[in-house]
>>> print(open('protein03.txt').read())   # compact mmCIF, C-alpha atoms
# COMPACT_ATOMS: atom_id res chain seq x y z
CA MET A 1 0.46 -0.79 16.41
CA SER A 2 -1.07 0.53 13.24
CA PHE A 3 1.66 2.96 12.28
CA SER A 4 4.40 0.37 12.16
CA ASN A 5 2.10 -1.65 9.86
CA ILE A 6 1.79 1.40 7.60
CA PHE A 7 5.58 1.57 7.32
CA GLY A 8 5.74 -2.11 6.38
CA ILE A 9 2.93 -1.86 3.84
CA ALA A 10 4.28 1.26 2.16
CA GLY A 11 7.78 -0.25 2.29
CA SER A 12 6.63 -3.37 0.44
CA ALA A 13 5.05 -1.13 -2.19
CA LEU A 14 8.25 0.91 -2.55
CA ASN A 15 10.21 -2.29 -3.03
CA SER A 16 7.78 -3.66 -5.63
CA GLN A 17 7.76 -0.40 -7.56
CA LEU A 18 11.56 -0.46 -7.61
CA VAL A 19 11.53 -3.97 -9.10
CA ARG A 20 9.09 -2.72 -11.75
CA MET A 21 11.34 0.27 -12.45
CA ASN A 22 14.39 -2.01 -12.71
CA ALA A 23 12.58 -4.29 -15.18
CA SER A 24 11.67 -1.26 -17.24
CA ALA A 25 15.24 0.07 -17.15
CA SER A 26 16.53 -3.32 -18.29
CA ASN A 27 14.03 -3.32 -21.15
CA MET A 28 15.12 0.16 -22.20
CA ALA A 29 18.79 -0.78 -22.05
CA ASN A 30 18.20 -3.81 -24.26
CA ALA A 31 15.88 -2.09 -26.71
CA GLY A 32 18.54 -1.86 -29.43
CA THR A 33 19.89 -5.41 -29.19
CA THR A 34 19.70 -7.87 -32.08
CA ALA A 35 19.97 -11.65 -32.31
CA SER A 36 20.19 -14.25 -35.04
CA SER A 37 17.01 -16.14 -34.09
CA GLU A 38 13.67 -15.21 -32.55
CA ALA A 39 14.30 -17.46 -29.53
CA GLU A 40 17.56 -15.68 -28.70
CA ALA A 41 16.17 -12.18 -29.26
CA PHE A 42 15.50 -10.01 -26.21
CA LYS A 43 11.95 -9.99 -24.91
CA ALA A 44 10.57 -7.25 -22.66
CA LYS A 45 9.86 -8.19 -19.03
CA ARG A 46 7.13 -6.76 -16.92
CA ALA A 47 6.60 -7.04 -13.14
CA VAL A 48 3.24 -8.50 -12.06
CA PHE A 49 2.08 -7.48 -8.59
CA GLN A 50 0.17 -9.46 -6.01
CA THR A 51 -1.31 -8.51 -2.64
CA ILE A 52 0.08 -10.26 0.43
CA LEU A 53 -3.24 -11.50 1.78
CA SER A 54 -2.08 -13.83 4.53
CA ASP A 55 0.97 -14.92 6.52
CA GLN A 56 1.52 -17.83 4.09
CA GLN A 57 2.22 -15.45 1.24
CA LYS A 58 4.99 -13.63 3.08
CA THR A 59 8.49 -13.81 1.65
CA ASP A 60 11.84 -12.56 2.93
CA HIS A 61 11.31 -9.15 1.38
CA ALA A 62 7.55 -8.85 1.77
CA THR A 63 6.53 -9.26 5.38
CA SER A 64 3.48 -7.04 5.83
CA VAL A 65 0.01 -8.49 5.36
CA GLY A 66 -1.90 -6.11 3.13
CA GLY A 67 1.24 -4.98 1.33
CA VAL A 68 2.29 -5.89 -2.17
CA LYS A 69 4.90 -8.19 -3.67
CA VAL A 70 6.16 -9.03 -7.15
CA LEU A 71 4.52 -12.28 -8.22
CA GLU A 72 6.59 -12.80 -11.37
CA LEU A 73 8.38 -11.06 -14.17
CA ALA A 74 6.09 -11.80 -17.08
CA ILE A 75 7.65 -12.01 -20.52
CA ASP A 76 6.08 -9.86 -23.20
CA ASP A 77 5.10 -12.21 -26.06
CA THR A 78 4.89 -9.56 -28.78
CA PRO A 79 6.66 -11.05 -31.85
CA ASN A 80 10.22 -9.83 -32.40
CA GLU A 81 10.70 -7.79 -35.52
CA LYS A 82 12.68 -9.47 -38.32
CA LEU A 83 14.95 -7.05 -40.18
CA TYR A 84 17.07 -7.55 -43.29
CA ASP A 85 20.58 -6.45 -42.32
CA PRO A 86 23.22 -8.68 -43.97
CA GLY A 87 26.08 -6.49 -42.67
CA ASN A 88 25.17 -7.18 -39.03
CA PRO A 89 27.45 -9.73 -37.31
CA ASN A 90 24.32 -11.30 -35.77
CA ALA A 91 22.64 -11.89 -39.15
CA ASP A 92 21.56 -15.48 -40.03
CA GLN A 93 22.45 -17.20 -43.37
CA ASP A 94 19.70 -15.27 -45.17
CA GLY A 95 20.88 -11.93 -43.79
CA PHE A 96 18.07 -11.39 -41.27
CA VAL A 97 18.42 -10.19 -37.65
CA TYR A 98 15.76 -10.27 -34.94
CA SER A 99 15.45 -7.08 -32.92
CA SER A 100 14.12 -6.88 -29.35
CA ASN A 101 10.35 -6.51 -28.90
CA VAL A 102 10.75 -3.52 -26.55
CA ASN A 103 8.50 -0.55 -27.23
CA GLU A 104 10.37 2.49 -25.90
CA VAL A 105 7.21 4.59 -25.55
CA THR A 106 5.51 1.91 -23.44
CA GLU A 107 8.62 1.67 -21.27
CA MET A 108 8.72 5.44 -20.72
CA VAL A 109 5.06 5.40 -19.63
CA GLU A 110 5.76 2.41 -17.37
CA MET A 111 8.72 4.23 -15.83
CA THR A 112 6.69 7.40 -15.16
CA ALA A 113 3.73 5.48 -13.70
CA SER A 114 6.07 3.53 -11.48
CA ALA A 115 7.84 6.70 -10.27
CA ARG A 116 4.49 8.31 -9.44
CA SER A 117 3.34 5.28 -7.44
CA TYR A 118 6.67 5.33 -5.62
CA GLN A 119 6.15 8.99 -4.70
CA ASN A 120 2.63 8.26 -3.44
CA ASN A 121 3.98 5.68 -1.04
CA VAL A 122 6.77 7.98 0.13
CA GLU A 123 4.07 10.54 1.01
CA VAL A 124 2.18 7.87 2.94
CA VAL A 125 5.30 7.14 4.98
CA ASN A 126 5.97 10.85 5.59
CA THR A 127 2.46 11.53 6.86
CA ALA A 128 2.45 8.45 9.09
CA ARG A 129 5.86 9.41 10.48
CA GLN A 130 4.74 12.95 11.33
CA LEU A 131 1.61 11.68 13.08
CA MET A 132 3.64 9.10 14.98
CA MET A 133 6.02 11.82 16.21
CA ARG A 134 3.09 14.00 17.27
CA THR A 135 1.57 11.09 19.14
CA ILE A 136 4.83 10.55 21.00
CA ASP A 137 4.78 14.25 21.93
CA ILE A 138 1.38 13.83 23.57
CA THR A 139 3.14 13.43 26.92
CA LYS A 140 4.30 17.03 26.66
CA ALA A 141 0.72 18.33 26.40
CA MET B 1 -6.12 1.72 33.81
CA LYS B 2 -9.72 2.26 34.85
CA LEU B 3 -9.14 5.89 35.85
CA PHE B 4 -7.94 6.96 32.42
CA ASP B 5 -10.45 4.77 30.61
CA SER B 6 -13.24 7.07 31.65
CA THR B 7 -11.19 10.27 31.65
CA LEU B 8 -9.97 10.06 28.11
CA GLY B 9 -13.29 8.59 27.07
CA ILE B 10 -14.13 8.25 23.43
CA HIS B 11 -10.99 9.96 22.07
CA GLY B 12 -8.59 7.30 23.31
CA LYS B 13 -10.57 4.61 21.50
CA ALA B 14 -11.12 6.78 18.44
CA LEU B 15 -7.38 7.42 18.08
CA GLY B 16 -6.68 3.71 17.63
CA LEU B 17 -9.46 3.36 15.10
CA ARG B 18 -8.28 6.39 13.16
CA ALA B 19 -4.80 4.87 12.95
CA GLN B 20 -6.35 1.61 11.72
CA ARG B 21 -8.30 3.47 9.05
CA MET B 22 -5.05 5.08 7.87
CA GLU B 23 -3.50 1.62 7.71
CA LEU B 24 -6.38 0.39 5.57
CA ILE B 25 -6.04 3.33 3.16
CA SER B 26 -2.26 2.85 3.00
CA LYS B 27 -2.96 -0.74 1.89
CA ASN B 28 -5.11 0.62 -0.92
CA ILE B 29 -2.38 3.05 -2.00
CA ALA B 30 0.28 0.32 -1.86
CA ASN B 31 -1.86 -1.91 -4.07
CA ALA B 32 -2.78 0.77 -6.61
CA ASP B 33 -1.07 -1.25 -9.38
CA THR B 34 -2.04 -4.76 -8.28
CA PRO B 35 -4.41 -6.56 -10.66
CA ASN B 36 -7.76 -7.62 -9.14
CA PHE B 37 -7.16 -5.80 -5.85
CA LYS B 38 -10.36 -4.52 -4.24
CA ALA B 39 -10.08 -1.29 -2.25
CA LYS B 40 -11.45 -1.29 1.29
CA ASP B 41 -12.45 1.37 3.77
CA LEU B 42 -13.56 1.47 7.38
CA ASP B 43 -17.16 2.17 8.36
CA PHE B 44 -15.97 4.49 11.08
CA SER B 45 -19.19 5.14 12.98
CA ALA B 46 -20.04 1.42 13.10
CA ALA B 47 -16.48 0.61 14.18
CA LEU B 48 -16.56 3.22 16.95
CA LYS B 49 -19.90 1.91 18.14
CA GLY B 50 -18.41 -1.59 18.22
CA VAL B 51 -15.43 -0.42 20.25
CA GLN B 52 -17.62 1.49 22.71
CA GLN B 53 -19.91 -1.44 23.36
CA ASP B 54 -16.82 -3.63 23.56
CA THR B 55 -18.71 -6.90 23.28
CA HIS B 56 -16.53 -9.95 22.78
CA ILE B 57 -17.48 -13.55 22.11
CA ARG B 58 -16.26 -15.47 25.15
CA THR B 59 -13.53 -17.96 24.26
CA THR B 60 -12.45 -20.91 26.36
CA ASN B 61 -9.66 -22.17 24.11
CA ALA B 62 -6.74 -20.36 22.50
CA ARG B 63 -7.80 -21.72 19.10
CA HIS B 64 -11.31 -20.32 19.24
CA ILE B 65 -12.04 -17.58 16.78
CA THR B 66 -12.39 -14.24 18.50
CA ASP B 67 -14.14 -11.22 17.15
CA ILE B 68 -12.43 -7.89 17.42
CA PRO B 69 -15.08 -5.24 17.71
CA GLY B 70 -14.28 -2.27 15.60
CA ALA B 71 -11.77 -2.21 12.81
CA SER B 72 -11.67 -5.73 11.40
CA ALA B 73 -15.41 -6.29 11.56
CA ASN B 74 -16.46 -3.07 9.90
CA GLN B 75 -14.44 -3.04 6.71
CA ILE B 76 -16.37 -2.23 3.57
CA PHE B 77 -15.42 -2.49 -0.08
CA THR B 78 -15.38 0.86 -1.83
CA LYS B 79 -17.30 1.32 -5.06
CA PRO B 80 -15.10 2.74 -7.80
CA LEU B 81 -16.36 5.67 -9.83
CA ASN B 82 -14.73 4.26 -12.96
CA ALA B 83 -14.10 0.54 -13.13
CA SER B 84 -10.63 -0.44 -14.28
CA ASP B 85 -10.25 -3.32 -16.76
CA ASN B 86 -7.67 -5.20 -14.67
CA GLY B 87 -10.16 -5.65 -11.83
CA ASN B 88 -8.43 -3.15 -9.54
CA THR B 89 -10.85 -0.82 -7.73
CA VAL B 90 -8.27 1.58 -6.26
CA GLU B 91 -8.64 5.13 -7.52
CA ILE B 92 -5.39 6.69 -6.46
CA SER B 93 -6.49 10.33 -6.35
CA ILE B 94 -9.50 9.46 -4.21
CA GLU B 95 -7.39 7.32 -1.90
CA GLN B 96 -4.85 10.14 -1.54
CA ALA B 97 -7.60 12.58 -0.61
CA LYS B 98 -9.00 10.06 1.86
CA TYR B 99 -5.58 9.50 3.38
CA GLY B 100 -5.06 13.25 3.79
CA ARG B 101 -8.42 13.61 5.45
CA ALA B 102 -7.83 10.62 7.70
CA ALA B 103 -4.52 12.17 8.78
CA ALA B 104 -6.29 15.44 9.60
CA GLU B 105 -8.94 13.57 11.58
CA TYR B 106 -6.22 11.73 13.45
CA GLN B 107 -4.66 15.07 14.36
CA ALA B 108 -8.02 16.40 15.49
CA THR B 109 -8.50 13.44 17.83
CA LEU B 110 -4.94 13.90 19.02
CA ARG B 111 -5.68 17.56 19.78
CA PHE B 112 -8.71 16.57 21.88
CA LEU B 113 -6.59 14.05 23.76
CA GLU B 114 -3.88 16.64 24.38
CA GLY B 115 -6.54 18.93 25.85
CA ASP B 116 -7.78 16.16 28.14
CA ILE B 117 -4.28 15.30 29.27
CA SER B 118 -3.30 18.87 29.98
CA SER B 119 -6.47 19.30 32.08
CA ILE B 120 -5.63 16.18 34.09
CA ARG B 121 -2.11 17.48 34.56
CA LYS B 122 -3.46 20.83 35.77
CA VAL B 123 -5.69 19.10 38.32
CA LEU B 124 -2.84 16.89 39.57
CA ARG B 125 -0.48 19.84 39.90
CA GLY B 126 -3.12 21.97 41.50
CA ASP B 127 -2.14 25.28 39.90
>>> encode(input="protein03.txt", output="structure tokens")
Amino acid sequence: MSFSNIFGIAGSALNSQLVRMNASASNMANAGTTASSEAEAFKAKRAVFQTILSDQQKTDHATSVGGVKVLELAIDDTPNEKLYDPGNPNADQDGFVYSSNVNEVTEMVEMTASARSYQNNVEVVNTARQLMMRTIDITKA
Amino acid sequence: MKLFDSTLGIHGKALGLRAQRMELISKNIANADTPNFKAKDLDFSAALKGVQQDTHIRTTNARHITDIPGASANQIFTKPLNASDNGNTVEISIEQAKYGRAAAEYQATLRFLEGDISSIRKVLRGD
């Protein structure tokens, strides 16, 4: 039945967009963090999507062929900014701290794009649901 | 049932295909942010022709590959107006418009079917 597939496909997209939104929220929350070395400093994470092309690619949360799943959370490799702040408890011997590499503007755009995609998929579900209900009502014709 | 096969005619088959086209477009919308995803659409007239002729390859073993006339055989890749640099060919506004139209077409087919069914009902009741 095609309509139940639509629900699964749109559902997988809603789930993936939520993961992307969560990653973005985590980045935003950690934007102001500092660390005493570049390795310890926070690095932005970004969700990478992949189409579920066959049954083999299904996972527990992504069960519809043709839907979408999160392949990985890629780490942004932009260098962390090194700031001179000797008063900071996180400062190294030379008085430097490493800030996160989160760009707030990028995260805001990411958040908005993700919310829009989420809305698109909600609309898909709504339309499919209405048509399904009308099809059930065909017996009353 | 044979009786209703000929009574409902083309609309019964078209309804299934229309639902499959909506499924295909919903896949495109779901994958609007997936890198390297190629958008697909259904060649509706070819698919309907395939369903009407209803020609199957005869299979003698469960593991033989069957052809499904209609939806799966007549998928076409859509050409994007503006290519995206991550290899994705979904243009969300176009897909939304397509989805809206496909939903309207589904309703139109449904309306025709409702008409057919109410006529049958009238005949059976004999009013």
>>> interface_residues(input="protein03.txt", of="chain B", to="chain A", cutoff="9 Å", atoms="only C-alpha atoms", output="VMD selection string")
chain B and resid 16 19 to 24 26 to 37 92 96 99 to 100 103 106 to 107 110 to 111 113 to 118 121
>>> write_last_selection(input="protein03.txt", atoms="C-alpha atoms", output="PDB file, in the coordinates of the input")
ATOM      1  CA  GLY B  16      -6.680   3.710  17.630  1.00  0.00           C
ATOM      2  CA  ALA B  19      -4.800   4.870  12.950  1.00  0.00           C
ATOM      3  CA  GLN B  20      -6.350   1.610  11.720  1.00  0.00           C
ATOM      4  CA  ARG B  21      -8.300   3.470   9.050  1.00  0.00           C
ATOM      5  CA  MET B  22      -5.050   5.080   7.870  1.00  0.00           C
ATOM      6  CA  GLU B  23      -3.500   1.620   7.710  1.00  0.00           C
ATOM      7  CA  LEU B  24      -6.380   0.390   5.570  1.00  0.00           C
ATOM      8  CA  SER B  26      -2.260   2.850   3.000  1.00  0.00           C
ATOM      9  CA  LYS B  27      -2.960  -0.740   1.890  1.00  0.00           C
ATOM     10  CA  ASN B  28      -5.110   0.620  -0.920  1.00  0.00           C
ATOM     11  CA  ILE B  29      -2.380   3.050  -2.000  1.00  0.00           C
ATOM     12  CA  ALA B  30       0.280   0.320  -1.860  1.00  0.00           C
ATOM     13  CA  ASN B  31      -1.860  -1.910  -4.070  1.00  0.00           C
ATOM     14  CA  ALA B  32      -2.780   0.770  -6.610  1.00  0.00           C
ATOM     15  CA  ASP B  33      -1.070  -1.250  -9.380  1.00  0.00           C
ATOM     16  CA  THR B  34      -2.040  -4.760  -8.280  1.00  0.00           C
ATOM     17  CA  PRO B  35      -4.410  -6.560 -10.660  1.00  0.00           C
ATOM     18  CA  ASN B  36      -7.760  -7.620  -9.140  1.00  0.00           C
ATOM     19  CA  PHE B  37      -7.160  -5.800  -5.850  1.00  0.00           C
ATOM     20  CA  ILE B  92      -5.390   6.690  -6.460  1.00  0.00           C
ATOM     21  CA  GLN B  96      -4.850  10.140  -1.540  1.00  0.00           C
ATOM     22  CA  TYR B  99      -5.580   9.500   3.380  1.00  0.00           C
ATOM     23  CA  GLY B 100      -5.060  13.250   3.790  1.00  0.00           C
ATOM     24  CA  ALA B 103      -4.520  12.170   8.780  1.00  0.00           C
ATOM     25  CA  TYR B 106      -6.220  11.730  13.450  1.00  0.00           C
ATOM     26  CA  GLN B 107      -4.660  15.070  14.360  1.00  0.00           C
ATOM     27  CA  LEU B 110      -4.940  13.900  19.020  1.00  0.00           C
ATOM     28  CA  ARG B 111      -5.680  17.560  19.780  1.00  0.00           C
ATOM     29  CA  LEU B 113      -6.590  14.050  23.760  1.00  0.00           C
ATOM     30  CA  GLU B 114      -3.880  16.640  24.380  1.00  0.00           C
ATOM     31  CA  GLY B 115      -6.540  18.930  25.850  1.00  0.00           C
ATOM     32  CA  ASP B 116      -7.780  16.160  28.140  1.00  0.00           C
ATOM     33  CA  ILE B 117      -4.280  15.300  29.270  1.00  0.00           C
ATOM     34  CA  SER B 118      -3.300  18.870  29.980  1.00  0.00           C
ATOM     35  CA  ARG B 121      -2.110  17.480  34.560  1.00  0.00           C
TER      36      ARG B 121
END
>>> residues_around(input="protein03.txt", residues="A:Phe42", least_positions_apart="6", cutoff="12 Å", atoms="all atoms listed in the file", output="JSON, numbers by chain")
{"A": [26, 27, 28, 29, 30, 31, 32, 33, 34, 35, 36, 75, 76, 77, 78, 79, 80, 81, 97, 98, 99, 100, 101, 102, 103]}
>>> atom_distance(input="protein03.txt", atom1="atom CA of B:Asn86", atom2="atom CA of B:Ala102")
27.4 Å
>>> atom_distance(input="protein03.txt", atom1="atom CA of B:Ser72", atom2="atom CA of B:Leu48")
11.6 Å
>>> residues_near_point(input="protein03.txt", point="(-15.4, -0.3, 10.8)", cutoff="9 Å", atoms="all atoms listed in the file", output="VMD selection string")
chain B and resid 17 21 41 to 50 69 to 76
>>> residues_around(input="protein03.txt", residues="B:Ser119", least_positions_apart="6", cutoff="12 Å", atoms="all atoms listed in the file", output="PyMOL selection string")
(chain A and resi 141) or (chain B and resi 7-8+112-113+125-127)
>>> closest_residue(input="protein03.txt", among="B:Ala62, B:Leu81, B:Ala108, B:Val51", to="B:Ser93", atoms="all atoms listed in the file")
B:Leu81
>>> atom_distance(input="protein03.txt", atom1="atom CA of B:Glu95", atom2="atom CA of B:Arg18")
15.1 Å
>>> axis_aligned_box(input="protein03.txt", around="stretch 27-38 of chain A", padding_each_side="6 Å", output="JSON")
{"center_x": 16.9, "center_y": -8.0, "center_z": -28.1, "size_x": 18.5, "size_y": 28.3, "size_z": 25.9}
>>> residues_near_point(input="protein03.txt", point="(15.9, 3.6, -13.5)", cutoff="12 Å", atoms="all atoms listed in the file", output="ChimeraX atom specification")
/A:17-29,107-108,110-112,114-115
>>> closest_residue(input="protein03.txt", among="A:Glu40, A:Glu104, A:Val122, A:Ser54", to="A:Asn90", atoms="only C-alpha atoms")
A:Glu40
>>> residues_around(input="protein03.txt", residues="stretch 91-95 of chain A", least_positions_apart="4", cutoff="8 Å", atoms="only C-alpha atoms", output="PyMOL selection string")
chain A and resi 35-37+84-87
>>> closest_residue(input="protein03.txt", among="A:Leu73, A:Leu53, A:Ala41, A:Leu83", to="A:Phe96", atoms="only C-alpha atoms")
A:Leu83
>>> closest_residue(input="protein03.txt", among="B:Lys40, B:His11, B:Lys122, B:Lys79", to="B:Ile25", atoms="only C-alpha atoms")
B:Lys40
